[in-house]
Amino acid sequence: MLSNSCFPLPDPMMDQIEEIVTSQTFPWYLLKETTFADEQATPYAGVYDNNSFSHVLVMNYEVVSHQYDLFESALRLIAHRAKQPFTDIYRVRLGCLLPDNLPHHCPHVDFEEPHTTALYYVNKSDGDTFFFPDEDKYVNKVNIHIPPERGKMIVFDGLRRHASSSPSKGYRIALNINFKPRVS
């Protein structure tokens with residue numbers, strides 16, 4: 001299920017990333033629904049509704065954030081440790097979750113096409129990542145859950161249904177990297 005779990009970044013780089021994303025000058029953007037873009041229809045409407053903050057660094061293989069340069073070295077190390085080509089980074093999204101009293105957020109896949117997902121946990125917090133069976137009827141049946149650890153990265157098949165969960169206190173920040181092979 002998990003193809004890799006490791007600590008890909010050296011301590012000084014871990015510290016730097018956490019300092020950057022928790023500074024008062026780092027831009028975070030409100031998501032009205034944590035899992036889906038504001039214009040998308042949400043499955044299980046009303047059941048997993050929550051909001052959070054995000055910052056997208058890369059979308060559709062293109063850099064979309066002025067903050068990207070601060071993360072490029074870390075992304076190169078993450079791609080290497082995830083055994084994925086750096087040039088296949090399709091999307092990079094930081095997510096900041098606050099307590100919400102839900103057991104977990106909406107089960108989903110990030111994209112419908114084959115891809116690999118790497119989740120890097122930026123800070124020390126609780127708020128597990130949950131994995132579910134493929135069938136929609138098992139939305140409340142969890143196969144496995146992974147607790148976050150500061151500096152840990154998990155890598156998995158992006159077509160595997162998963163969901164984040166919020167911390168019981170404080171905040172949980174994760175860096176979500178989606179790798180999709182480029183088609184010529």
# chains A, B, ... in the order shown; residues from 1 in each chain; ligands from 1
call {"tool": "residues_around", "arguments": {"residues": "segment 119-136 of chain A", "least_positions_apart": "5", "cutoff": "6 Å", "atoms": "only C-alpha atoms", "output": "PyMOL selection string"}}
result
chain A and resi 18+142-154+161-167+172-176
call {"tool": "residues_around", "arguments": {"residues": "segment 88-99 of chain A", "least_positions_apart": "6", "cutoff": "6 Å", "atoms": "only C-alpha atoms", "output": "VMD selection string"}}
result
chain A and resid 52 to 61 166 to 169 171 to 181
call {"tool": "write_last_selection", "arguments": {"atoms": "C-alpha atoms", "output": "JSON list (two decimals), in the first residue's frame"}}
result
[["chain", "number", "residue", "atom", "x", "y", "z"],
["A", 52, "SER", "CA", -8.72, 24.99, 5.84],
["A", 53, "PHE", "CA", -5.89, 27.00, 4.35],
["A", 54, "SER", "CA", -3.72, 26.17, 1.38],
["A", 55, "HIS", "CA", -0.91, 27.48, -0.76],
["A", 56, "VAL", "CA", -0.32, 25.97, -4.21],
["A", 57, "LEU", "CA", 3.29, 26.12, -5.43],
["A", 58, "VAL", "CA", 2.94, 24.09, -8.67],
["A", 59, "MET", "CA", -0.12, 23.29, -10.80],
["A", 60, "ASN", "CA", -0.16, 21.46, -14.15],
["A", 61, "TYR", "CA", 3.67, 21.20, -14.05],
["A", 166, "SER", "CA", -7.39, 17.76, 11.60],
["A", 167, "PRO", "CA", -5.31, 18.05, 14.74],
["A", 168, "SER", "CA", -6.98, 18.01, 18.14],
["A", 169, "LYS", "CA", -5.23, 21.32, 18.93],
["A", 171, "TYR", "CA", -2.38, 23.18, 13.45],
["A", 172, "ARG", "CA", -1.24, 20.44, 11.05],
["A", 173, "ILE", "CA", 0.75, 21.45, 7.96],
["A", 174, "ALA", "CA", 1.49, 18.98, 5.18],
["A", 175, "LEU", "CA", 3.11, 19.35, 1.78],
["A", 176, "ASN", "CA", 1.28, 17.30, -0.85],
["A", 177, "ILE", "CA", 3.30, 16.50, -3.98],
["A", 178, "ASN", "CA", 1.59, 14.79, -6.92],
["A", 179, "PHE", "CA", 3.76, 13.16, -9.59],
["A", 180, "LYS", "CA", 2.25, 12.41, -13.00],
["A", 181, "PRO", "CA", 4.30, 11.09, -15.90]]
call {"tool": "closest_residue", "arguments": {"among": "A:Asp69, A:Asn50, A:Pro8, A:Leu31", "to": "Cys106 of chain A", "atoms": "only C-alpha atoms"}}
result
A:Asn50
call {"tool": "residues_around", "arguments": {"residues": "segment 75-84 of chain A", "least_positions_apart": "2", "cutoff": "8 Å", "atoms": "only C-alpha atoms", "output": "NGL selection string"}}
result
:A and (4 or 6 or 8-9 or 71-73 or 86 or 88 or 118 or 155 or 179)
call {"tool": "write_last_selection", "arguments": {"atoms": "N, CA and C atoms", "output": "mmCIF file, in the first residue's frame"}}
result
data_model
loop_
_atom_site.group_PDB
_atom_site.id
_atom_site.type_symbol
_atom_site.label_atom_id
_atom_site.label_comp_id
_atom_site.auth_asym_id
_atom_site.auth_seq_id
_atom_site.Cartn_x
_atom_site.Cartn_y
_atom_site.Cartn_z
ATOM 1 N N ASN A 4 6.625 3.830 0.188
ATOM 2 C CA ASN A 4 7.815 4.389 0.798
ATOM 3 C C ASN A 4 7.399 5.217 2.005
ATOM 4 N N CYS A 6 9.762 7.659 4.749
ATOM 5 C CA CYS A 6 11.121 8.027 5.132
ATOM 6 C C CYS A 6 11.147 9.464 5.631
ATOM 7 N N PRO A 8 13.014 12.510 4.340
ATOM 8 C CA PRO A 8 13.844 12.858 3.183
ATOM 9 C C PRO A 8 14.741 14.085 3.331
ATOM 10 N N LEU A 9 14.461 14.944 4.306
ATOM 11 C CA LEU A 9 15.164 16.221 4.367
ATOM 12 C C LEU A 9 16.088 16.301 5.577
ATOM 13 N N PHE A 71 11.291 26.492 -1.878
ATOM 14 C CA PHE A 71 10.993 25.070 -1.705
ATOM 15 C C PHE A 71 11.676 24.162 -2.727
ATOM 16 N N GLU A 72 12.272 24.738 -3.764
ATOM 17 C CA GLU A 72 12.757 23.905 -4.867
ATOM 18 C C GLU A 72 13.775 22.855 -4.422
ATOM 19 N N SER A 73 14.748 23.217 -3.607
ATOM 20 C CA SER A 73 15.754 22.236 -3.158
ATOM 21 C C SER A 73 15.089 21.095 -2.398
ATOM 22 N N PHE A 86 11.880 14.490 -10.886
ATOM 23 C CA PHE A 86 11.536 15.854 -10.476
ATOM 24 C C PHE A 86 10.660 16.527 -11.537
ATOM 25 N N ASP A 88 8.379 15.301 -13.217
ATOM 26 C CA ASP A 88 7.003 14.787 -13.193
ATOM 27 C C ASP A 88 6.168 15.406 -12.075
ATOM 28 N N ALA A 118 3.097 12.010 -2.726
ATOM 29 C CA ALA A 118 4.000 12.068 -1.580
ATOM 30 C C ALA A 118 3.435 13.104 -0.618
ATOM 31 N N VAL A 155 4.731 7.883 0.741
ATOM 32 C CA VAL A 155 4.532 7.853 -0.709
ATOM 33 C C VAL A 155 3.563 6.720 -1.006
ATOM 34 N N PHE A 179 2.911 13.453 -8.434
ATOM 35 C CA PHE A 179 3.755 13.164 -9.592
ATOM 36 C C PHE A 179 2.918 12.483 -10.653
#
call {"tool": "select_by_dssp", "arguments": {"residues": "segment 63-128 of chain A", "states": "strand (DSSP E)", "output": "PyMOL selection string"}}
result
chain A and resi 63+89-97+116-121
call {"tool": "select_by_dssp", "arguments": {"residues": "chain A", "states": "helix (DSSP H, G or I)", "output": "ChimeraX atom specification"}}
result
/A:11-21,68-70,72-81,86-88,136-138
